[in-house]
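Worksheet: the structure to be examined is printed underneath.
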Amino acid sequence: MELKKNPNLEIGRNSAIYFAVGLNIMLFFTWRGLEYRTYDQPDINQELLIFTEEIEDDIPITNLEATPPPPPPASAAIPEVITIVEDTEEIEETIIESSESGQEDRIEEREITVDEVIVEEIEEEVSVPFSVVEDVPVFPGCSGNNVALRNCFSAKITEHIQKHFKYPESALDLGIHGKVYVMFIIDSQGRVSNIRSRGPDPQLEKEAERIIGLLPIMQPGKQRGKPVKVPYSIPINFKIE
């Protein structure tokens with residue numbers, strides 16, 4: 001006797017499909033397990049809140065009644081009298097005319113006269129160096145031609161410096177020495193002005209300017225017969241022996 005199998009009841013017919021479904025389910029759970037993440041929970045500060053019932057004090061309400069002022073006496077009542085005054089005074093209106101000119105206004109032609117202009121000639125003082133001036137300044141006591149006057153001027157200046165020379169004591173104590181160059185101008189009046197100096201120390205410069213300031217009034221230098229300013233410079237040597 002042979003056994004026959006029912007094809008509708010074969011168990012292994014759909015086994016491949018079941019295997020695939022089961023494999024997919026296992027892969028899904030494996031993937032979710034790998035992707036699962038955990039986070040550290042922060043510390044939660046738990047505070048205890050205690051609510052207490054507030055007790056409100058009942059503040060009594062005080063009503064303040066204002067006392068009305070007493071009525072004025074009958075004798076002080078003054079009846080109000082309204083007097084109607086008729087306005088009969090006429091007020092003239094002031095008309096302000098415009099000062100702007102219009103197209104209809106006529107412009108009067110006026111002749112403008114110019115007075116004679118007087119030009120004053122101001123002669124400026126000319127400054128000529130000592131080496132090129134035609135007539136050099138004449139120091140008191142000098143005479144002769146222009147060359148002799150130049151030599152005499154230089155000699156008198158040197159003599160004047162030696163006569164009035166005084167070494168500053170503070171500079172002498174400190175051992176300050178050197179050469180001071182003094183520049184000055186003999187103006188058109190023969191006076192010494194605009195004295196300037198340049199040296200190693202302000203004390204020596206001040207002494208040099210003092211010596212030059214004591215120069216006497218001279219006969220001014222001339223250029224083309226007119227008095228001119230003549231600048232001059234000379235060194236003063238402060239030397240400690």
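Going by the structure tokens order, chains are called A, B, ..., each with residues numbered from 1, while ligands are numbered from 1 in the order shown.
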
Wanna dump the region 123-143 of chain A-region 198-220 of chain A contacts at 12 Å for me, each residue with its shortest atom pair and the distance in Å to one decimal, counting only C-alpha atoms, ordered by chain and number, as CSV?
```
residue,atom,partner,partner_atom,distance
A:Ser127,CA,A:Pro220,CA,11.7
A:Val128,CA,A:Pro220,CA,11.5
A:Phe130,CA,A:Pro220,CA,11.2
A:Val133,CA,A:Pro220,CA,10.9
A:Glu134,CA,A:Pro220,CA,11.4
A:Asp135,CA,A:Pro220,CA,8.5
A:Val136,CA,A:Pro220,CA,7.4
A:Pro137,CA,A:Pro220,CA,4.7
A:Val138,CA,A:Gln219,CA,4.9
A:Phe139,CA,A:Met218,CA,5.2
A:Pro140,CA,A:Met218,CA,6.2
A:Gly141,CA,A:Met218,CA,9.8
A:Cys142,CA,A:Met218,CA,10.1
A:Ser143,CA,A:Gln219,CA,11.3
```

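The spacing separating CA of Arg224 (chain A) from CA of Met183 (chain A) amounts to 24.4 Å.
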
DSSP on the backbone, strand (DSSP E or B) only: what residues of region 146-210 of chain A does that give? Format it as a list in words.
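Filtering region 146-210 of chain A to strand (DSSP E or B) leaves Gly178, Lys179, Val180, Tyr181, Val182, Met183, Phe184, Ile185, Ile186, Val192, Ser193, Asn194, Ile195, Arg196, Ser197 and Arg198 of chain A.
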
Suppose we keep all heavy atoms; can you now write the selection as a short mmCIF file (atom, residue, chain, number, x, y, z; two decimals), in the first residue's frame?
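Below is the file out-v7.cif, written as the result:
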```cif
data_model
loop_
_atom_site.label_atom_id
_atom_site.label_comp_id
_atom_site.auth_asym_id
_atom_site.auth_seq_id
_atom_site.Cartn_x
_atom_site.Cartn_y
_atom_site.Cartn_z
N GLY A 178 83.28 128.96 26.67
CA GLY A 178 82.98 128.76 25.26
C GLY A 178 82.87 130.10 24.53
O GLY A 178 83.09 131.17 25.08
N LYS A 179 82.53 130.01 23.26
CA LYS A 179 82.45 131.19 22.41
C LYS A 179 80.99 131.52 22.15
O LYS A 179 80.20 130.65 21.79
CB LYS A 179 83.18 130.92 21.09
CG LYS A 179 83.35 132.16 20.20
CD LYS A 179 84.16 131.81 18.97
CE LYS A 179 85.62 131.51 19.34
NZ LYS A 179 86.45 131.32 18.13
N VAL A 180 80.66 132.80 22.34
CA VAL A 180 79.30 133.29 22.13
C VAL A 180 79.31 134.23 20.92
O VAL A 180 80.10 135.18 20.87
CB VAL A 180 78.77 134.04 23.37
CG1 VAL A 180 77.35 134.56 23.11
CG2 VAL A 180 78.77 133.13 24.59
N TYR A 181 78.44 133.95 19.95
CA TYR A 181 78.31 134.79 18.77
C TYR A 181 77.16 135.76 18.98
O TYR A 181 76.02 135.34 19.24
CB TYR A 181 78.06 133.93 17.53
CG TYR A 181 79.24 133.05 17.17
CD1 TYR A 181 79.35 131.75 17.68
CD2 TYR A 181 80.23 133.51 16.31
CE1 TYR A 181 80.44 130.95 17.37
CE2 TYR A 181 81.32 132.70 15.98
CZ TYR A 181 81.41 131.43 16.51
OH TYR A 181 82.48 130.64 16.18
N VAL A 182 77.48 137.07 18.88
CA VAL A 182 76.49 138.11 19.11
C VAL A 182 76.18 138.80 17.79
O VAL A 182 77.10 139.22 17.07
CB VAL A 182 76.99 139.13 20.15
CG1 VAL A 182 75.87 140.10 20.51
CG2 VAL A 182 77.48 138.43 21.40
N MET A 183 74.89 138.91 17.46
CA MET A 183 74.42 139.62 16.28
C MET A 183 73.58 140.81 16.71
O MET A 183 72.74 140.67 17.59
CB MET A 183 73.58 138.69 15.39
CG MET A 183 74.37 137.57 14.69
SD MET A 183 74.85 136.21 15.81
CE MET A 183 73.25 135.44 16.09
N PHE A 184 73.82 141.96 16.10
CA PHE A 184 73.03 143.16 16.41
C PHE A 184 72.94 144.02 15.17
O PHE A 184 73.60 143.77 14.15
CB PHE A 184 73.65 143.92 17.59
CG PHE A 184 75.06 144.38 17.36
CD1 PHE A 184 75.34 145.65 16.87
CD2 PHE A 184 76.13 143.54 17.66
CE1 PHE A 184 76.65 146.06 16.67
CE2 PHE A 184 77.44 143.95 17.45
CZ PHE A 184 77.71 145.22 16.96
N ILE A 185 72.11 145.04 15.24
CA ILE A 185 71.87 145.96 14.12
C ILE A 185 72.11 147.39 14.58
O ILE A 185 71.64 147.79 15.66
CB ILE A 185 70.43 145.81 13.58
CG1 ILE A 185 70.24 144.44 12.92
CG2 ILE A 185 70.10 146.91 12.57
CD1 ILE A 185 68.83 144.17 12.45
N ILE A 186 72.83 148.14 13.76
CA ILE A 186 72.98 149.59 13.97
C ILE A 186 71.95 150.24 13.05
O ILE A 186 72.09 150.22 11.82
CB ILE A 186 74.40 150.06 13.64
CG1 ILE A 186 75.42 149.27 14.49
CG2 ILE A 186 74.56 151.54 13.86
CD1 ILE A 186 76.85 149.48 14.07
N VAL A 192 72.06 150.88 18.67
CA VAL A 192 72.20 149.42 18.62
C VAL A 192 70.86 148.79 19.02
O VAL A 192 70.28 149.14 20.06
CB VAL A 192 73.33 148.95 19.55
CG1 VAL A 192 73.40 147.43 19.57
CG2 VAL A 192 74.66 149.53 19.11
N SER A 193 70.36 147.88 18.20
CA SER A 193 69.06 147.25 18.46
C SER A 193 69.11 145.80 17.98
O SER A 193 70.06 145.37 17.32
CB SER A 193 67.94 148.02 17.75
OG SER A 193 68.14 148.00 16.35
N ASN A 194 68.02 145.09 18.32
CA ASN A 194 67.84 143.70 17.89
C ASN A 194 69.07 142.84 18.21
O ASN A 194 69.65 142.19 17.34
CB ASN A 194 67.52 143.65 16.39
CG ASN A 194 66.92 142.31 15.97
OD1 ASN A 194 66.48 141.53 16.79
ND2 ASN A 194 66.94 142.05 14.66
N ILE A 195 69.46 142.85 19.48
CA ILE A 195 70.63 142.09 19.91
C ILE A 195 70.23 140.64 20.11
O ILE A 195 69.29 140.32 20.83
CB ILE A 195 71.22 142.67 21.21
CG1 ILE A 195 71.55 144.15 21.02
CG2 ILE A 195 72.45 141.90 21.65
CD1 ILE A 195 71.96 144.85 22.30
N ARG A 196 70.95 139.73 19.49
CA ARG A 196 70.73 138.30 19.63
C ARG A 196 72.07 137.61 19.86
O ARG A 196 73.11 138.12 19.44
CB ARG A 196 70.07 137.72 18.38
CG ARG A 196 68.65 138.23 18.14
CD ARG A 196 68.15 137.80 16.78
NE ARG A 196 68.96 138.36 15.71
CZ ARG A 196 68.90 137.96 14.45
NH1 ARG A 196 68.11 136.96 14.11
NH2 ARG A 196 69.66 138.52 13.52
N SER A 197 72.03 136.46 20.50
CA SER A 197 73.27 135.74 20.81
C SER A 197 73.02 134.24 20.72
O SER A 197 71.90 133.76 20.83
CB SER A 197 73.77 136.11 22.21
OG SER A 197 72.82 135.76 23.19
N ARG A 198 74.14 133.54 20.52
CA ARG A 198 74.10 132.07 20.47
C ARG A 198 75.39 131.55 21.07
O ARG A 198 76.48 131.89 20.60
CB ARG A 198 73.95 131.61 19.02
CG ARG A 198 73.79 130.10 18.86
CD ARG A 198 73.68 129.73 17.41
NE ARG A 198 74.89 130.11 16.69
CZ ARG A 198 75.03 130.01 15.37
NH1 ARG A 198 74.03 129.60 14.62
NH2 ARG A 198 76.17 130.37 14.79
#
```

CA of Val228 (chain A) to CA of His160 (chain A) measures 23.3 Å

One-decimal distance in Å that lies between CA of Ile236 (chain A) and CA of Ser154 (chain A)
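Distance between the two atoms: 12.9 Å.
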